[in-house]
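Dumped input-v4.tsv below, it's TSV, N, CA and C atoms:
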chain	number	residue	atom	x	y	z
N	431	GLN	N	-19.87	14.79	-18.09
N	431	GLN	CA	-20.09	13.40	-17.72
N	431	GLN	C	-18.78	12.64	-17.78
N	432	VAL	N	-18.55	11.80	-16.81
N	432	VAL	CA	-17.33	11.01	-16.74
N	432	VAL	C	-17.62	9.62	-17.28
N	433	GLN	N	-16.83	9.20	-18.23
N	433	GLN	CA	-16.91	7.84	-18.75
N	433	GLN	C	-15.52	7.26	-18.75
N	434	LEU	N	-15.34	6.20	-17.97
N	434	LEU	CA	-14.02	5.62	-17.76
N	434	LEU	C	-13.89	4.30	-18.49
N	435	VAL	N	-12.77	4.14	-19.18
N	435	VAL	CA	-12.50	2.91	-19.91
N	435	VAL	C	-11.11	2.43	-19.55
N	436	GLU	N	-11.02	1.24	-18.94
N	436	GLU	CA	-9.73	0.66	-18.58
N	436	GLU	C	-9.20	-0.18	-19.73
N	437	SER	N	-7.89	-0.29	-19.77
N	437	SER	CA	-7.22	-1.16	-20.74
N	437	SER	C	-5.88	-1.57	-20.17
N	438	GLY	N	-5.27	-2.56	-20.82
N	438	GLY	CA	-3.93	-2.97	-20.43
N	438	GLY	C	-3.86	-4.26	-19.63
N	439	GLY	N	-5.00	-4.82	-19.28
N	439	GLY	CA	-4.98	-6.07	-18.55
N	439	GLY	C	-4.55	-7.22	-19.44
N	440	GLY	N	-4.33	-8.39	-18.80
N	440	GLY	CA	-3.94	-9.55	-19.57
N	440	GLY	C	-3.36	-10.62	-18.68
N	441	LEU	N	-2.71	-11.57	-19.33
N	441	LEU	CA	-2.07	-12.69	-18.64
N	441	LEU	C	-0.57	-12.45	-18.58
N	442	VAL	N	-0.01	-12.60	-17.38
N	442	VAL	CA	1.42	-12.35	-17.20
N	442	VAL	C	1.95	-13.38	-16.20
N	443	GLN	N	3.23	-13.70	-16.33
N	443	GLN	CA	3.83	-14.65	-15.41
N	443	GLN	C	4.25	-13.97	-14.11
N	444	VAL	N	4.42	-14.77	-13.10
N	444	VAL	CA	4.88	-14.25	-11.81
N	444	VAL	C	6.18	-13.47	-12.01
N	445	GLY	N	6.23	-12.31	-11.37
N	445	GLY	CA	7.40	-11.45	-11.49
N	445	GLY	C	7.35	-10.49	-12.66
N	446	GLY	N	6.35	-10.63	-13.50
N	446	GLY	CA	6.23	-9.77	-14.66
N	446	GLY	C	5.59	-8.43	-14.34
N	447	SER	N	5.37	-7.65	-15.39
N	447	SER	CA	4.83	-6.30	-15.23
N	447	SER	C	3.69	-6.07	-16.22
N	448	LEU	N	2.80	-5.20	-15.82
N	448	LEU	CA	1.74	-4.70	-16.68
N	448	LEU	C	1.49	-3.24	-16.34
N	449	ARG	N	1.02	-2.49	-17.33
N	449	ARG	CA	0.59	-1.13	-17.08
N	449	ARG	C	-0.86	-0.99	-17.49
N	450	LEU	N	-1.69	-0.68	-16.52
N	450	LEU	CA	-3.10	-0.43	-16.81
N	450	LEU	C	-3.30	1.06	-17.10
N	451	SER	N	-4.24	1.31	-17.99
N	451	SER	CA	-4.61	2.68	-18.31
N	451	SER	C	-6.10	2.85	-18.10
N	452	CYS	N	-6.49	4.04	-17.74
N	452	CYS	CA	-7.91	4.35	-17.58
N	452	CYS	C	-8.13	5.73	-18.20
N	453	ALA	N	-8.87	5.74	-19.28
N	453	ALA	CA	-9.10	6.98	-20.01
N	453	ALA	C	-10.51	7.50	-19.75
N	454	ASP	N	-10.59	8.81	-19.61
N	454	ASP	CA	-11.88	9.48	-19.39
N	454	ASP	C	-12.24	10.26	-20.63
N	455	SER	N	-13.42	10.01	-21.16
N	455	SER	CA	-13.83	10.70	-22.38
N	455	SER	C	-14.43	12.07	-22.11
N	456	GLY	N	-14.58	12.43	-20.82
N	456	GLY	CA	-15.14	13.72	-20.48
N	456	GLY	C	-14.13	14.85	-20.64
N	457	ARG	N	-14.53	16.05	-20.27
N	457	ARG	CA	-13.68	17.21	-20.47
N	457	ARG	C	-13.22	17.85	-19.16
N	458	SER	N	-13.46	17.13	-18.03
N	458	SER	CA	-13.09	17.73	-16.75
N	458	SER	C	-12.28	16.76	-15.90
N	459	PHE	N	-11.49	15.95	-16.57
N	459	PHE	CA	-10.71	14.91	-15.88
N	459	PHE	C	-9.86	15.49	-14.76
N	460	SER	N	-9.29	16.65	-14.96
N	460	SER	CA	-8.38	17.22	-13.96
N	460	SER	C	-9.10	17.64	-12.68
N	461	ASN	N	-10.42	17.62	-12.68
N	461	ASN	CA	-11.19	17.96	-11.48
N	461	ASN	C	-11.46	16.75	-10.59
N	462	TYR	N	-10.96	15.59	-10.99
N	462	TYR	CA	-11.30	14.36	-10.30
N	462	TYR	C	-10.09	13.69	-9.67
N	463	ALA	N	-10.26	13.27	-8.41
N	463	ALA	CA	-9.32	12.32	-7.84
N	463	ALA	C	-9.63	10.95	-8.47
N	464	MET	N	-8.58	10.17	-8.66
N	464	MET	CA	-8.75	8.88	-9.34
N	464	MET	C	-8.24	7.74	-8.46
N	465	GLY	N	-8.96	6.64	-8.50
N	465	GLY	CA	-8.56	5.49	-7.69
N	465	GLY	C	-8.56	4.22	-8.52
N	466	TRP	N	-7.80	3.26	-8.03
N	466	TRP	CA	-7.78	1.92	-8.59
N	466	TRP	C	-8.22	0.95	-7.49
N	467	PHE	N	-9.10	0.05	-7.87
N	467	PHE	CA	-9.58	-1.00	-6.98
N	467	PHE	C	-9.50	-2.32	-7.73
N	468	ARG	N	-9.60	-3.41	-7.00
N	468	ARG	CA	-9.60	-4.72	-7.64
N	468	ARG	C	-10.53	-5.66	-6.90
N	469	GLN	N	-10.99	-6.66	-7.65
N	469	GLN	CA	-11.88	-7.65	-7.06
N	469	GLN	C	-11.51	-9.03	-7.60
N	470	ALA	N	-11.09	-9.89	-6.69
N	470	ALA	CA	-10.77	-11.27	-7.05
N	470	ALA	C	-12.03	-12.12	-6.89
N	471	PRO	N	-12.07	-13.28	-7.54
N	471	PRO	CA	-13.24	-14.15	-7.43
N	471	PRO	C	-13.58	-14.48	-5.98
N	472	ALA	N	-14.83	-14.36	-5.64
N	472	ALA	CA	-15.36	-14.68	-4.31
N	472	ALA	C	-14.82	-13.76	-3.22
N	473	LYS	N	-14.26	-12.62	-3.62
N	473	LYS	CA	-13.77	-11.66	-2.63
N	473	LYS	C	-14.41	-10.30	-2.86
N	474	GLU	N	-14.37	-9.47	-1.83
N	474	GLU	CA	-14.90	-8.13	-1.95
N	474	GLU	C	-13.92	-7.24	-2.71
N	475	ARG	N	-14.47	-6.18	-3.29
N	475	ARG	CA	-13.62	-5.21	-3.96
N	475	ARG	C	-12.71	-4.54	-2.93
N	476	GLU	N	-11.44	-4.36	-3.30
N	476	GLU	CA	-10.50	-3.77	-2.36
N	476	GLU	C	-9.73	-2.62	-3.01
N	477	PHE	N	-9.32	-1.71	-2.16
N	477	PHE	CA	-8.54	-0.55	-2.58
N	477	PHE	C	-7.16	-0.99	-3.02
N	478	VAL	N	-6.66	-0.35	-4.09
N	478	VAL	CA	-5.30	-0.61	-4.56
N	478	VAL	C	-4.44	0.65	-4.46
N	479	ALA	N	-4.92	1.74	-5.09
N	479	ALA	CA	-4.13	2.96	-5.12
N	479	ALA	C	-5.04	4.14	-5.45
N	480	THR	N	-4.59	5.33	-5.08
N	480	THR	CA	-5.34	6.54	-5.41
N	480	THR	C	-4.38	7.68	-5.66
N	481	ILE	N	-4.82	8.63	-6.47
N	481	ILE	CA	-4.01	9.80	-6.78
N	481	ILE	C	-4.92	11.02	-6.81
N	482	SER	N	-4.45	12.10	-6.21
N	482	SER	CA	-5.24	13.32	-6.16
N	482	SER	C	-5.29	13.99	-7.53
N	483	ARG	N	-6.17	14.96	-7.67
N	483	ARG	CA	-6.31	15.63	-8.97
N	483	ARG	C	-5.03	16.37	-9.35
N	484	GLY	N	-4.29	16.82	-8.36
N	484	GLY	CA	-3.05	17.52	-8.62
N	484	GLY	C	-1.84	16.60	-8.68
N	485	ALA	N	-2.07	15.30	-8.48
N	485	ALA	CA	-1.01	14.29	-8.50
N	485	ALA	C	0.02	14.49	-7.40
N	486	ASP	N	-0.29	15.29	-6.40
N	486	ASP	CA	0.68	15.52	-5.32
N	486	ASP	C	0.46	14.58	-4.15
N	487	THR	N	-0.62	13.84	-4.17
N	487	THR	CA	-0.91	12.90	-3.09
N	487	THR	C	-1.26	11.54	-3.69
N	488	THR	N	-0.58	10.51	-3.20
N	488	THR	CA	-0.90	9.14	-3.60
N	488	THR	C	-0.92	8.26	-2.36
N	489	TYR	N	-1.77	7.24	-2.41
N	489	TYR	CA	-1.82	6.23	-1.35
N	489	TYR	C	-1.88	4.85	-2.02
N	490	TYR	N	-1.33	3.88	-1.30
N	490	TYR	CA	-1.31	2.52	-1.80
N	490	TYR	C	-1.75	1.55	-0.71
N	491	ALA	N	-2.37	0.46	-1.13
N	491	ALA	CA	-2.61	-0.63	-0.21
N	491	ALA	C	-1.27	-1.23	0.19
N	492	ASP	N	-1.19	-1.72	1.41
N	492	ASP	CA	0.06	-2.31	1.88
N	492	ASP	C	0.52	-3.46	0.98
N	493	SER	N	-0.44	-4.18	0.43
N	493	SER	CA	-0.12	-5.36	-0.37
N	493	SER	C	0.55	-5.02	-1.70
N	494	VAL	N	0.45	-3.78	-2.14
N	494	VAL	CA	1.03	-3.41	-3.44
N	494	VAL	C	2.10	-2.34	-3.31
N	495	LYS	N	2.30	-1.82	-2.12
N	495	LYS	CA	3.29	-0.76	-1.91
N	495	LYS	C	4.66	-1.24	-2.36
N	496	ASP	N	5.37	-0.36	-3.01
N	496	ASP	CA	6.73	-0.63	-3.54
N	496	ASP	C	6.72	-1.51	-4.77
N	497	ARG	N	5.57	-1.96	-5.23
N	497	ARG	CA	5.47	-2.73	-6.47
N	497	ARG	C	4.63	-2.01	-7.52
N	498	PHE	N	3.61	-1.30	-7.07
N	498	PHE	CA	2.71	-0.60	-7.99
N	498	PHE	C	2.94	0.90	-7.89
N	499	THR	N	2.71	1.59	-9.01
N	499	THR	CA	2.83	3.04	-9.04
N	499	THR	C	1.65	3.62	-9.81
N	500	VAL	N	0.95	4.55	-9.17
N	500	VAL	CA	-0.16	5.24	-9.82
N	500	VAL	C	0.32	6.60	-10.31
N	501	SER	N	-0.12	6.98	-11.50
N	501	SER	CA	0.24	8.27	-12.06
N	501	SER	C	-0.90	8.75	-12.95
N	502	ARG	N	-0.81	10.00	-13.36
N	502	ARG	CA	-1.86	10.53	-14.22
N	502	ARG	C	-1.28	11.56	-15.18
N	503	ASP	N	-1.94	11.68	-16.32
N	503	ASP	CA	-1.60	12.68	-17.31
N	503	ASP	C	-2.88	13.44	-17.60
N	504	ASN	N	-3.04	14.59	-17.00
N	504	ASN	CA	-4.29	15.34	-17.16
N	504	ASN	C	-4.48	15.84	-18.59
N	505	ALA	N	-3.39	16.04	-19.30
N	505	ALA	CA	-3.52	16.48	-20.69
N	505	ALA	C	-4.10	15.38	-21.58
N	506	LYS	N	-3.90	14.12	-21.15
N	506	LYS	CA	-4.42	12.98	-21.91
N	506	LYS	C	-5.66	12.37	-21.27
N	507	ASN	N	-6.13	12.99	-20.19
N	507	ASN	CA	-7.31	12.46	-19.48
N	507	ASN	C	-7.15	11.00	-19.11
N	508	THR	N	-5.97	10.65	-18.62
N	508	THR	CA	-5.67	9.24	-18.37
N	508	THR	C	-4.95	9.07	-17.04
N	509	VAL	N	-5.33	8.02	-16.34
N	509	VAL	CA	-4.62	7.60	-15.14
N	509	VAL	C	-4.03	6.22	-15.41
N	510	TYR	N	-2.86	5.97	-14.82
N	510	TYR	CA	-2.14	4.74	-15.06
N	510	TYR	C	-1.89	4.00	-13.76
N	511	LEU	N	-1.73	2.69	-13.89
N	511	LEU	CA	-1.28	1.87	-12.77
N	511	LEU	C	-0.17	0.96	-13.29
N	512	GLN	N	1.05	1.29	-12.94
N	512	GLN	CA	2.20	0.45	-13.31
N	512	GLN	C	2.34	-0.63	-12.26
N	513	MET	N	2.29	-1.87	-12.69
N	513	MET	CA	2.35	-3.00	-11.76
N	513	MET	C	3.59	-3.83	-12.06
N	514	ASN	N	4.48	-3.91	-11.11
N	514	ASN	CA	5.72	-4.68	-11.24
N	514	ASN	C	5.75	-5.81	-10.23
N	515	SER	N	6.63	-6.76	-10.45
N	515	SER	CA	6.82	-7.89	-9.54
N	515	SER	C	5.47	-8.54	-9.19
N	516	LEU	N	4.72	-8.82	-10.21
N	516	LEU	CA	3.37	-9.33	-10.00
N	516	LEU	C	3.38	-10.72	-9.36
N	517	LYS	N	2.36	-10.93	-8.53
N	517	LYS	CA	2.20	-12.18	-7.79
N	517	LYS	C	0.85	-12.81	-8.15
N	518	PRO	N	0.71	-14.10	-7.92
N	518	PRO	CA	-0.59	-14.73	-8.20
N	518	PRO	C	-1.74	-14.07	-7.45
N	519	GLU	N	-1.49	-13.58	-6.27
N	519	GLU	CA	-2.55	-12.95	-5.48
N	519	GLU	C	-2.96	-11.59	-6.03
N	520	ASP	N	-2.26	-11.10	-7.04
N	520	ASP	CA	-2.68	-9.86	-7.71
N	520	ASP	C	-3.75	-10.14	-8.77
N	521	THR	N	-4.02	-11.40	-9.04
N	521	THR	CA	-5.04	-11.75	-10.02
N	521	THR	C	-6.40	-11.23	-9.59
N	522	ALA	N	-7.03	-10.46	-10.46
N	522	ALA	CA	-8.31	-9.83	-10.13
N	522	ALA	C	-8.79	-9.04	-11.35
N	523	VAL	N	-10.02	-8.58	-11.26
N	523	VAL	CA	-10.50	-7.55	-12.17
N	523	VAL	C	-10.16	-6.20	-11.54
N	524	TYR	N	-9.50	-5.36	-12.31
N	524	TYR	CA	-9.07	-4.05	-11.82
N	524	TYR	C	-10.01	-2.98	-12.38
N	525	TYR	N	-10.43	-2.11	-11.48
N	525	TYR	CA	-11.35	-1.04	-11.82
N	525	TYR	C	-10.72	0.32	-11.50
N	526	CYS	N	-10.95	1.27	-12.38
N	526	CYS	CA	-10.60	2.64	-12.01
N	526	CYS	C	-11.89	3.36	-11.63
N	527	ALA	N	-11.73	4.40	-10.83
N	527	ALA	CA	-12.87	5.15	-10.33
N	527	ALA	C	-12.52	6.62	-10.21
N	528	ALA	N	-13.53	7.46	-10.30
N	528	ALA	CA	-13.33	8.91	-10.25
N	528	ALA	C	-14.22	9.54	-9.19
N	529	ARG	N	-13.64	10.57	-8.55
N	529	ARG	CA	-14.39	11.29	-7.53
N	529	ARG	C	-14.12	12.77	-7.73
N	530	TYR	N	-15.20	13.55	-7.96
N	530	TYR	CA	-15.04	14.99	-8.13
N	530	TYR	C	-14.41	15.56	-6.85
N	531	SER	N	-13.42	16.41	-7.03
N	531	SER	CA	-12.68	16.90	-5.88
N	531	SER	C	-12.42	18.39	-6.00
N	532	VAL	N	-12.84	19.12	-4.96
N	532	VAL	CA	-12.50	20.55	-4.91
N	532	VAL	C	-11.06	20.71	-4.45
N	533	GLY	N	-10.68	19.87	-3.50
N	533	GLY	CA	-9.33	19.94	-2.96
N	533	GLY	C	-8.30	19.38	-3.92
N	534	TRP	N	-7.20	20.09	-4.04
N	534	TRP	CA	-6.15	19.69	-4.98
N	534	TRP	C	-5.46	18.40	-4.54
N	535	SER	N	-5.43	18.13	-3.24
N	535	SER	CA	-4.65	17.00	-2.70
N	535	SER	C	-5.52	15.87	-2.16
N	536	PHE	N	-6.80	15.93	-2.38
N	536	PHE	CA	-7.71	14.92	-1.88
N	536	PHE	C	-7.54	13.62	-2.64
N	537	ALA	N	-7.35	12.52	-1.92
N	537	ALA	CA	-7.13	11.22	-2.55
N	537	ALA	C	-7.84	10.15	-1.71
N	538	PRO	N	-9.10	9.91	-1.98
N	538	PRO	CA	-9.88	8.98	-1.16
N	538	PRO	C	-9.49	7.52	-1.36
N	539	ARG	N	-9.63	6.75	-0.30
N	539	ARG	CA	-9.23	5.35	-0.33
N	539	ARG	C	-10.41	4.37	-0.16
N	540	SER	N	-11.59	4.91	0.02
N	540	SER	CA	-12.76	4.05	0.20
N	540	SER	C	-13.60	4.03	-1.07
N	541	SER	N	-14.08	2.85	-1.45
N	541	SER	CA	-14.84	2.74	-2.69
N	541	SER	C	-16.12	3.55	-2.66
N	542	ASP	N	-16.71	3.72	-1.48
N	542	ASP	CA	-17.98	4.46	-1.43
N	542	ASP	C	-17.80	5.96	-1.53
N	543	GLN	N	-16.57	6.41	-1.66
N	543	GLN	CA	-16.29	7.83	-1.88
N	543	GLN	C	-16.21	8.17	-3.37
N	544	TYR	N	-16.32	7.18	-4.23
N	544	TYR	CA	-16.18	7.40	-5.65
N	544	TYR	C	-17.54	7.38	-6.34
N	545	ASN	N	-17.68	8.22	-7.34
N	545	ASN	CA	-18.95	8.40	-8.03
N	545	ASN	C	-19.04	7.65	-9.35
N	546	TYR	N	-17.91	7.48	-10.01
N	546	TYR	CA	-17.90	6.90	-11.35
N	546	TYR	C	-16.91	5.74	-11.40
N	547	TRP	N	-17.30	4.73	-12.16
N	547	TRP	CA	-16.49	3.52	-12.26
N	547	TRP	C	-16.37	3.09	-13.71
N	548	GLY	N	-15.21	2.49	-14.01
N	548	GLY	CA	-15.04	1.86	-15.30
N	548	GLY	C	-15.60	0.44	-15.27
N	549	GLN	N	-15.48	-0.24	-16.40
N	549	GLN	CA	-16.06	-1.58	-16.54
N	549	GLN	C	-15.11	-2.68	-16.03
N	550	GLY	N	-13.86	-2.33	-15.84
N	550	GLY	CA	-12.90	-3.29	-15.31
N	550	GLY	C	-12.06	-3.95	-16.39
N	551	THR	N	-10.87	-4.36	-16.01
N	551	THR	CA	-9.99	-5.10	-16.91
N	551	THR	C	-9.36	-6.25	-16.12
N	552	GLN	N	-9.32	-7.42	-16.73
N	552	GLN	CA	-8.85	-8.62	-16.04
N	552	GLN	C	-7.33	-8.68	-16.05
N	553	VAL	N	-6.77	-8.95	-14.89
N	553	VAL	CA	-5.34	-9.21	-14.75
N	553	VAL	C	-5.19	-10.61	-14.17
N	554	THR	N	-4.44	-11.45	-14.86
N	554	THR	CA	-4.20	-12.81	-14.40
N	554	THR	C	-2.71	-13.05	-14.32
N	555	VAL	N	-2.24	-13.45	-13.15
N	555	VAL	CA	-0.84	-13.71	-12.93
N	555	VAL	C	-0.67	-15.22	-12.74
N	556	SER	N	0.07	-15.84	-13.64
N	556	SER	CA	0.23	-17.29	-13.60
N	556	SER	C	1.55	-17.67	-12.93
N	557	SER	N	1.51	-18.74	-12.18
N	557	SER	CA	2.71	-19.20	-11.47
N	557	SER	C	3.38	-20.33	-12.21
Just give me the structure as structure tokens.
Amino acid sequence: QVQLVESGGGLVQVGGSLRLSCADSGRSFSNYAMGWFRQAPAKEREFVATISRGADTTYYADSVKDRFTVSRDNAKNTVYLQMNSLKPEDTAVYYCAARYSVGWSFAPRSSDQYNYWGQGTQVTVSS
């Protein structure tokens, strides 16, 4: 069973950085592609980044490319989202998600492709 817990959110000033973590308490983390999504108030949930189970494939939303970096440590059952040069429009609740993957390089970008979700962590960027 996959149980995802995000951490690392908080309040940061424009231009600052945060690193989000998402830990899985299960024992098969390395079998899952992992994604990050976010949802701002009154907006739909949107894709942020994804990483394949083998960490050889990553994708980013255009809005975060070159500012955010997704990575994973399968030995620690954890996926990370390093967020730099934060902007007010990055303010949202950030969710991690897991999708069982047979393919080593599969990295889905659609929320409906994911089976498991964390509870979310709030990121607020103040100007």
As JSON, please: the centre and edge lengths in Å, to one decimal, of an axis-aligned box enclosing every listed atom of range 497-514 of chain N with 3 Å added on each side.
{"center_x": -0.8, "center_y": 5.3, "center_z": -13.6, "size_x": 19.1, "size_y": 28.3, "size_z": 22.7}
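Using only C-alpha atoms, the shortest contact distance between Asn504 in chain N and any of N:Thr488, N:Ser540, N:Asn461, N:Asn545 is found at N:Asn461.
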Report task. Please return as number ranges by chain: the residues of range 479-553 of chain N that backbone DSSP assigns to strand (DSSP E or B). Result -> N: 479-481, 488-490, 498-503, 508-513, 522-530, 546-547, 551-553
Requested in this report: Find, counting only C-alpha atoms, the residue in N:Ala537, N:Ala527, N:Val435, N:Ala485 that gets nearest to Arg502 in chain N.
Outcome: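 Ranking N:Ala537, N:Ala527, N:Val435, N:Ala485 by distance to Arg502 in chain N, first place goes to N:Ala485.
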Report task. Go ahead and compute the interatomic distance for CA of Met464 in chain N and CA of Ile481 in chain N, in Å to one decimal. Result -> 5.5 Å
Report task. For Asp492 in chain N, list every protein, DNA or RNA residue within 8 Å, evaluated using all atoms listed in the file, and leave out those in the same chain fewer than 4 positions away; present the list as a list in words. Result ->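 My reading of the contact set: Phe477, Val478 and Asp496 of chain N.
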Sel. within 8 Å of pt (-16.3, 5.6, -19.7), counting only N, CA and C atoms, output as an mmCIF file with N, CA and C atoms, in the coordinates of the input:
data_model
loop_
_atom_site.group_PDB
_atom_site.id
_atom_site.type_symbol
_atom_site.label_atom_id
_atom_site.label_comp_id
_atom_site.auth_asym_id
_atom_site.auth_seq_id
_atom_site.Cartn_x
_atom_site.Cartn_y
_atom_site.Cartn_z
ATOM 1 N N GLN N 431 -19.870 14.790 -18.090
ATOM 2 C CA GLN N 431 -20.090 13.400 -17.720
ATOM 3 C C GLN N 431 -18.780 12.640 -17.780
ATOM 4 N N VAL N 432 -18.550 11.800 -16.810
ATOM 5 C CA VAL N 432 -17.330 11.010 -16.740
ATOM 6 C C VAL N 432 -17.620 9.620 -17.280
ATOM 7 N N GLN N 433 -16.830 9.200 -18.230
ATOM 8 C CA GLN N 433 -16.910 7.840 -18.750
ATOM 9 C C GLN N 433 -15.520 7.260 -18.750
ATOM 10 N N LEU N 434 -15.340 6.200 -17.970
ATOM 11 C CA LEU N 434 -14.020 5.620 -17.760
ATOM 12 C C LEU N 434 -13.890 4.300 -18.490
ATOM 13 N N VAL N 435 -12.770 4.140 -19.180
ATOM 14 C CA VAL N 435 -12.500 2.910 -19.910
ATOM 15 C C VAL N 435 -11.110 2.430 -19.550
ATOM 16 N N GLU N 436 -11.020 1.240 -18.940
ATOM 17 C CA GLU N 436 -9.730 0.660 -18.580
ATOM 18 C C GLU N 436 -9.200 -0.180 -19.730
ATOM 19 N N ALA N 453 -8.870 5.740 -19.280
ATOM 20 C CA ALA N 453 -9.100 6.980 -20.010
ATOM 21 C C ALA N 453 -10.510 7.500 -19.750
ATOM 22 N N ASP N 454 -10.590 8.810 -19.610
ATOM 23 C CA ASP N 454 -11.880 9.480 -19.390
ATOM 24 C C ASP N 454 -12.240 10.260 -20.630
ATOM 25 N N SER N 455 -13.420 10.010 -21.160
ATOM 26 C CA SER N 455 -13.830 10.700 -22.380
ATOM 27 C C SER N 455 -14.430 12.070 -22.110
ATOM 28 N N GLY N 456 -14.580 12.430 -20.820
ATOM 29 C CA GLY N 456 -15.140 13.720 -20.480
ATOM 30 C C GLY N 456 -14.130 14.850 -20.640
ATOM 31 N N TRP N 547 -17.300 4.730 -12.160
ATOM 32 C CA TRP N 547 -16.490 3.520 -12.260
ATOM 33 C C TRP N 547 -16.370 3.090 -13.710
ATOM 34 N N GLY N 548 -15.210 2.490 -14.010
ATOM 35 C CA GLY N 548 -15.040 1.860 -15.300
ATOM 36 C C GLY N 548 -15.600 0.440 -15.270
ATOM 37 N N GLN N 549 -15.480 -0.240 -16.400
ATOM 38 C CA GLN N 549 -16.060 -1.580 -16.540
ATOM 39 C C GLN N 549 -15.110 -2.680 -16.030
#
